[in-house]
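**Q** My structure is below; once you've seen it, I'll send some questions.
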Amino acid sequence: MFTLASTRRRAASLLPLVLALGLTATDIGAAEVLDFEQALVLAQQRSRQLAALDAAASAAKDMAGAAGQLPDPTLKAGVNNLPIDGPDRFSLVRDFMTMRSIGVMQEFTRADKRAARSARFEREADAARAARHLALANLQRDAAVSWLDRHFQERMRELLVAQREETKLQIEAAEAAYRSARGPQADVFAARATVAQIEDRIAQSERQIATATTQLARWVGPAADAPLGPVPAMKSVTMSLSDLETQLAHHPQIEALLQQEAMANADADMARANKRADWSAELMLSQRGPGYSTMVSFNLSVPLQWDQKNRQDRELAAKLALAEQARAQREEVTREHTAEARAMLQEWASDVERLRRYDSVLVPLAGERTKAALAAYRGGAGSLGAVLEARRGEIDTRMDRLRLEMDAARLWAQLNYLVPDGGAVVTHRP
C-alpha cells in the first residue's frame, strides 16, 4: 500500500535515475504509462521557475561575499594651478604653483556596516531558496491534481461506456419484444433515447479528458498523452488536526514570509549601522617644475551627520516599521493557512466517510434496484421504462461516487503537498 512517505521516497528516488539516464519528457512520453510519481519528477525537471530561483539564490550569495569587502580604492590624477594668461600661460613647469598630481583615495567602511550589508544579501539568498520551496510545493500539488483529474475523468468515461453497452442490449431486447408483439414500440424509442443521452455524456466526458490532458501537459509536456499508471493509495494524509500548527510551521509560504521578515530586519540593521559615518583617506603626490620641490599630501574626510534625528533616525524608524509589518503579515498568513488546512482536513475526512457510505450502501442499492427492475421486466411483471429509470439512477449514483472520490483526491494532493517532497528548506529565522 502506498503512503505519502513512500510515494515521496519513490518520487525522490526516480529523479536521480531520470537525470542520470538523460531522459526527457519526450522520451517518457513514448513510454507505455505515465506513473503518478513519474509525473511529479517530470514536472520538477521541466520547471524553469525553479531554475530561475536557483539563479536568484546564487546571485544573492555572490553579492553577500562582495558586500563584505572594502570599496575599491579611487585613483585620482589632475593638474592644479595651471596659468591661463601671461608669459607662463598653459605651462606645466614654469610657475612654482603649478602641480601635476596623482593620488589614491580609500573609503574605510566600518566592519559592522559591511557585515550588515553582507547579512542582508544572505537573507535575500534565503528568501530565494524559500521562494523556490514554495514554487516546488505549488508545482507538485498542481501536477498531482492534474494527473488525478485526468485519471478520474477517464474512469467516468469507462463507466459510461460500460453502461452504454448494457443499454444497447436492452434496445435489442425491446426490438425483439416489439417484433413478437410482446412489447410496445415506445420501449424501443425509450431505450434508444437513453443510449443517446449516454452518448452525449460520453462526449462531454471526452472533452473533459482532453481538457485534463492539456492541463497535465502544462507540467509534464508530451508525456501527458501516455496512458496513466495506477492511482496512488489515498487513504491517509500526513497532516493531523491535533498537531496542525506545528506541522504548518514549515509551510513554504510561511517560510517565505519568515525570510521576508528576516530581510526587513537586515535592512533595519543596515540603517542602524549607517548612523556611524565612514572615514575616507587620501594620499596624493604632486610634482612641480624641475626647480621646485615634489610634495606629498594626506587627507582624511568623514561625513558630518549633523541632522541625525531627521535623516538617519527616521530611516531606522522606517526600516523597523517595515520589519514589524512583515512580522504581522506572517502571523496573519499563518492563521489563515491553519484555518484553511483545518477545513481541508475536515472536508477530506467527511469525503472519505461519504465514500464508505457509497461503497457499502448507495452503490449496492442502486445496482440491486437495476437488477430487480430487469428481472421484473424479463418476467413480464415490469416495464422497460422502469429498467431504464433504474439504470439511469445507477449511473448517476456511480458518477456521483466518482466525483466525490475525485474531490477527495484533490484534497489529498493539496494536503500532502503543502510541504513539497524533497525536505524542508534550511533558512535563517528572525
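Just so we're on the same page: first chain in the C-alpha cells is A, next is B, and so on; residues restart at 1 for each chain, and ligands are numbered from 1 in the order they show up.
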List every residue of region 185-305 of chain A that DSSP, applied to the backbone of this structure, places in strand (DSSP E), and write the result as a ChimeraX atom specification.
**A** /A:279-287,295-301
**Q** Take the residues that were just selected and, keeping all heavy atoms, output them as a CSV table (one decimal), in the first residue's frame.
**A**
```csv
chain,number,residue,atom,x,y,z
A,279,TRP,N,35.0,56.7,7.4
A,279,TRP,CA,36.1,57.6,7.1
A,279,TRP,C,36.7,57.3,5.7
A,279,TRP,O,36.6,56.2,5.2
A,279,TRP,CB,37.2,57.5,8.1
A,279,TRP,CG,36.8,58.0,9.5
A,279,TRP,CD1,36.1,57.5,10.4
A,279,TRP,CD2,37.3,59.3,10.0
A,279,TRP,NE1,35.9,58.3,11.5
A,279,TRP,CE2,36.7,59.4,11.3
A,279,TRP,CE3,38.1,60.3,9.6
A,279,TRP,CZ2,36.9,60.5,12.1
A,279,TRP,CZ3,38.3,61.4,10.4
A,279,TRP,CH2,37.7,61.5,11.6
A,280,SER,N,37.3,58.3,5.1
A,280,SER,CA,38.0,58.2,3.8
A,280,SER,C,39.4,58.8,4.0
A,280,SER,O,39.5,59.8,4.6
A,280,SER,CB,37.3,58.8,2.7
A,280,SER,OG,36.0,58.2,2.5
A,281,ALA,N,40.4,58.1,3.4
A,281,ALA,CA,41.8,58.6,3.5
A,281,ALA,C,42.3,58.8,2.1
A,281,ALA,O,42.0,58.0,1.2
A,281,ALA,CB,42.6,57.6,4.3
A,282,GLU,N,43.1,59.9,1.8
A,282,GLU,CA,43.6,60.1,0.5
A,282,GLU,C,45.1,60.5,0.6
A,282,GLU,O,45.5,61.3,1.4
A,282,GLU,CB,42.8,61.3,-0.1
A,282,GLU,CG,43.3,61.7,-1.5
A,282,GLU,CD,42.5,62.9,-2.0
A,282,GLU,OE1,41.6,63.4,-1.3
A,282,GLU,OE2,42.8,63.4,-3.1
A,283,LEU,N,45.9,59.9,-0.2
A,283,LEU,CA,47.3,60.1,-0.3
A,283,LEU,C,47.6,60.6,-1.7
A,283,LEU,O,47.2,59.9,-2.7
A,283,LEU,CB,48.1,58.9,0.0
A,283,LEU,CG,49.6,59.0,-0.2
A,283,LEU,CD1,50.2,60.0,0.9
A,283,LEU,CD2,50.3,57.7,0.0
A,284,MET,N,48.3,61.8,-1.9
A,284,MET,CA,48.5,62.4,-3.2
A,284,MET,C,49.9,62.9,-3.3
A,284,MET,O,50.5,63.5,-2.4
A,284,MET,CB,47.5,63.6,-3.4
A,284,MET,CG,47.7,64.2,-4.8
A,284,MET,SD,46.3,65.4,-5.1
A,284,MET,CE,45.0,64.3,-5.4
A,285,LEU,N,50.5,62.6,-4.5
A,285,LEU,CA,51.8,63.1,-4.8
A,285,LEU,C,51.7,64.2,-5.9
A,285,LEU,O,51.1,64.0,-6.9
A,285,LEU,CB,52.7,61.9,-5.4
A,285,LEU,CG,54.1,62.2,-5.9
A,285,LEU,CD1,55.0,62.6,-4.7
A,285,LEU,CD2,54.7,61.1,-6.7
A,286,SER,N,52.3,65.3,-5.6
A,286,SER,CA,52.2,66.5,-6.5
A,286,SER,C,53.6,66.9,-7.0
A,286,SER,O,54.5,67.1,-6.2
A,286,SER,CB,51.5,67.7,-5.8
A,286,SER,OG,50.2,67.3,-5.4
A,287,GLN,N,53.8,67.0,-8.3
A,287,GLN,CA,55.1,67.3,-8.9
A,287,GLN,C,55.0,68.7,-9.6
A,287,GLN,O,54.1,68.9,-10.3
A,287,GLN,CB,55.5,66.2,-9.9
A,287,GLN,CG,56.9,66.4,-10.4
A,287,GLN,CD,57.3,65.3,-11.4
A,287,GLN,OE1,56.4,64.8,-12.1
A,287,GLN,NE2,58.6,64.9,-11.4
A,295,MET,N,55.8,67.4,-3.7
A,295,MET,CA,55.1,67.4,-2.5
A,295,MET,C,54.2,66.2,-2.3
A,295,MET,O,53.8,65.6,-3.3
A,295,MET,CB,54.2,68.7,-2.4
A,295,MET,CG,55.1,70.0,-2.5
A,295,MET,SD,54.0,71.5,-2.3
A,295,MET,CE,55.3,72.7,-2.2
A,296,VAL,N,53.9,65.9,-1.1
A,296,VAL,CA,53.0,64.8,-0.7
A,296,VAL,C,51.9,65.4,0.1
A,296,VAL,O,52.2,66.2,1.1
A,296,VAL,CB,53.7,63.7,0.0
A,296,VAL,CG1,52.7,62.6,0.5
A,296,VAL,CG2,54.7,63.0,-0.9
A,297,SER,N,50.7,65.0,-0.1
A,297,SER,CA,49.5,65.4,0.7
A,297,SER,C,48.8,64.2,1.2
A,297,SER,O,48.7,63.2,0.5
A,297,SER,CB,48.5,66.3,-0.2
A,297,SER,OG,49.2,67.4,-0.8
A,298,PHE,N,48.2,64.4,2.4
A,298,PHE,CA,47.4,63.3,3.0
A,298,PHE,C,46.2,63.9,3.6
A,298,PHE,O,46.3,64.9,4.4
A,298,PHE,CB,48.3,62.6,4.1
A,298,PHE,CG,47.5,61.5,4.8
A,298,PHE,CD1,47.3,60.3,4.2
A,298,PHE,CD2,47.0,61.7,6.1
A,298,PHE,CE1,46.6,59.3,4.8
A,298,PHE,CE2,46.3,60.7,6.7
A,298,PHE,CZ,46.1,59.5,6.1
A,299,ASN,N,45.0,63.4,3.3
A,299,ASN,CA,43.8,64.0,3.7
A,299,ASN,C,42.9,62.9,4.3
A,299,ASN,O,42.9,61.8,3.9
A,299,ASN,CB,43.0,64.7,2.6
A,299,ASN,CG,43.8,65.8,1.9
A,299,ASN,OD1,44.2,66.7,2.6
A,299,ASN,ND2,44.0,65.7,0.6
A,300,LEU,N,42.1,63.3,5.3
A,300,LEU,CA,41.1,62.5,5.9
A,300,LEU,C,39.7,63.2,5.8
A,300,LEU,O,39.7,64.4,5.9
A,300,LEU,CB,41.4,62.2,7.4
A,300,LEU,CG,42.6,61.3,7.7
A,300,LEU,CD1,42.8,61.3,9.3
A,300,LEU,CD2,42.4,59.9,7.2
A,301,SER,N,38.7,62.4,5.5
A,301,SER,CA,37.4,63.0,5.4
A,301,SER,C,36.3,62.1,6.0
A,301,SER,O,36.5,60.9,6.1
A,301,SER,CB,37.0,63.3,3.9
A,301,SER,OG,37.0,62.1,3.2
```
**Q** What's around region 324-338 of chain A at 8 Å? Count only C-alpha atoms, leave out sequence neighbours fewer than 5 positions away in its own chain, and write the answer as a list in words.
**A**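 Counting only the stated atoms, we get Leu244, Glu245, Leu248, Ile254, Leu257, Leu258, Gln260, Glu261 and Ala264 of chain A.
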**Q** Which one is closest to Trp348 (chain A): A:Glu124, A:Asp112, A:Glu405, A:Asp200? Count only C-alpha atoms.
**A**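 Answer, going by the shortest atom-to-atom distance: A:Glu405.
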**Q** Please report the interatomic distance between CA of Phe36 (chain A) and CA of Met234 (chain A) in Å with one decimal.
**A** 12.2 Å
**Q** Restricting the calculation to only C-alpha atoms, which member of A:Ala321, A:Val361, A:Ala249, A:Leu40 is positioned closest to Ala413 (chain A)?
**A**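 Closest residue, counting only C-alpha atoms: A:Leu40.
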**Q** Please determine, counting only C-alpha atoms, which residue among A:Leu388, A:Ala408, A:Ile209, A:Val237 has the shortest atom-to-atom distance to Asp225 (chain A).
**A**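 Checking each candidate against Asp225 (chain A), we get A:Ile209 as the closest.
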**Q** Just the number, please: distance in Å from CA of Ala262 (chain A) to CA of Asp62 (chain A), one decimal.
**A**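 That distance, rounded to one decimal, is 18.5 Å.
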**Q** Could you jot down the CA of Asn81 (chain A) to CA of Ser293 (chain A) separation for me, Å, one decimal place?
**A** 15.4 Å
**Q** Tell me which protein, DNA and RNA residues are within 12 Å of Gly289 (chain A), counting only C-alpha atoms, leaving out same-chain ones fewer than 5 positions away, and put them as a list in words.
**A**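 Listed by chain and then number, they are Leu82, Ser91, Leu92, Val93, Arg94, Asp95, Phe96, Met97, Thr98, Met99, Arg100, Thr294 and Met295 of chain A.
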**Q** Do you know which residues are at most 12 Å from Leu402 (chain A) counting only C-alpha atoms, after dropping those on the same chain fewer than 6 positions away, and could you put them as number ranges by chain?
**A** A: 148-149, 151-160, 351, 354-355, 358-359, 363, 395-396, 408-409
**Q** Please write the residues from the selection above to a file, keeping C-alpha atoms, as a PDB file, in the first residue's frame.
**A**
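Result written to out-v7.pdb:
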```
ATOM      1  CA  LEU A 148      -5.626  12.790 -10.713  1.00  0.00           C
ATOM      2  CA  ASP A 149      -8.177  14.849 -12.674  1.00  0.00           C
ATOM      3  CA  HIS A 151      -7.423   9.660 -14.092  1.00  0.00           C
ATOM      4  CA  PHE A 152     -10.926  10.199 -12.701  1.00  0.00           C
ATOM      5  CA  GLN A 153     -12.270  11.686 -15.926  1.00  0.00           C
ATOM      6  CA  GLU A 154     -11.128   8.543 -17.714  1.00  0.00           C
ATOM      7  CA  ARG A 155     -12.806   6.382 -15.084  1.00  0.00           C
ATOM      8  CA  MET A 156     -16.055   8.287 -15.611  1.00  0.00           C
ATOM      9  CA  ARG A 157     -15.861   7.676 -19.339  1.00  0.00           C
ATOM     10  CA  GLU A 158     -15.223   3.952 -18.752  1.00  0.00           C
ATOM     11  CA  LEU A 159     -18.307   3.781 -16.532  1.00  0.00           C
ATOM     12  CA  LEU A 160     -20.465   5.496 -19.149  1.00  0.00           C
ATOM     13  CA  ASP A 351     -15.442  12.793   1.882  1.00  0.00           C
ATOM     14  CA  ARG A 354     -19.139   9.513   2.465  1.00  0.00           C
ATOM     15  CA  LEU A 355     -17.183   7.240   0.118  1.00  0.00           C
ATOM     16  CA  TYR A 358     -21.431   4.999  -1.172  1.00  0.00           C
ATOM     17  CA  ASP A 359     -19.461   1.743  -1.311  1.00  0.00           C
ATOM     18  CA  VAL A 363     -23.913   1.911  -4.963  1.00  0.00           C
ATOM     19  CA  ILE A 395     -25.268   5.602 -13.479  1.00  0.00           C
ATOM     20  CA  ASP A 396     -25.914   8.831 -11.573  1.00  0.00           C
ATOM     21  CA  ALA A 408     -11.260  13.688  -2.026  1.00  0.00           C
ATOM     22  CA  ALA A 409      -8.213  13.022  -4.219  1.00  0.00           C
TER      23      ALA A 409
END
```
**Q** Pick from A:Asp126, A:Asp243, A:Asp142, A:Glu175: nearest to Glu255 (chain A), with only C-alpha atoms counted?
**A**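 Of A:Asp126, A:Asp243, A:Asp142, A:Glu175, the one nearest Glu255 (chain A), counting only C-alpha atoms, is A:Asp126.
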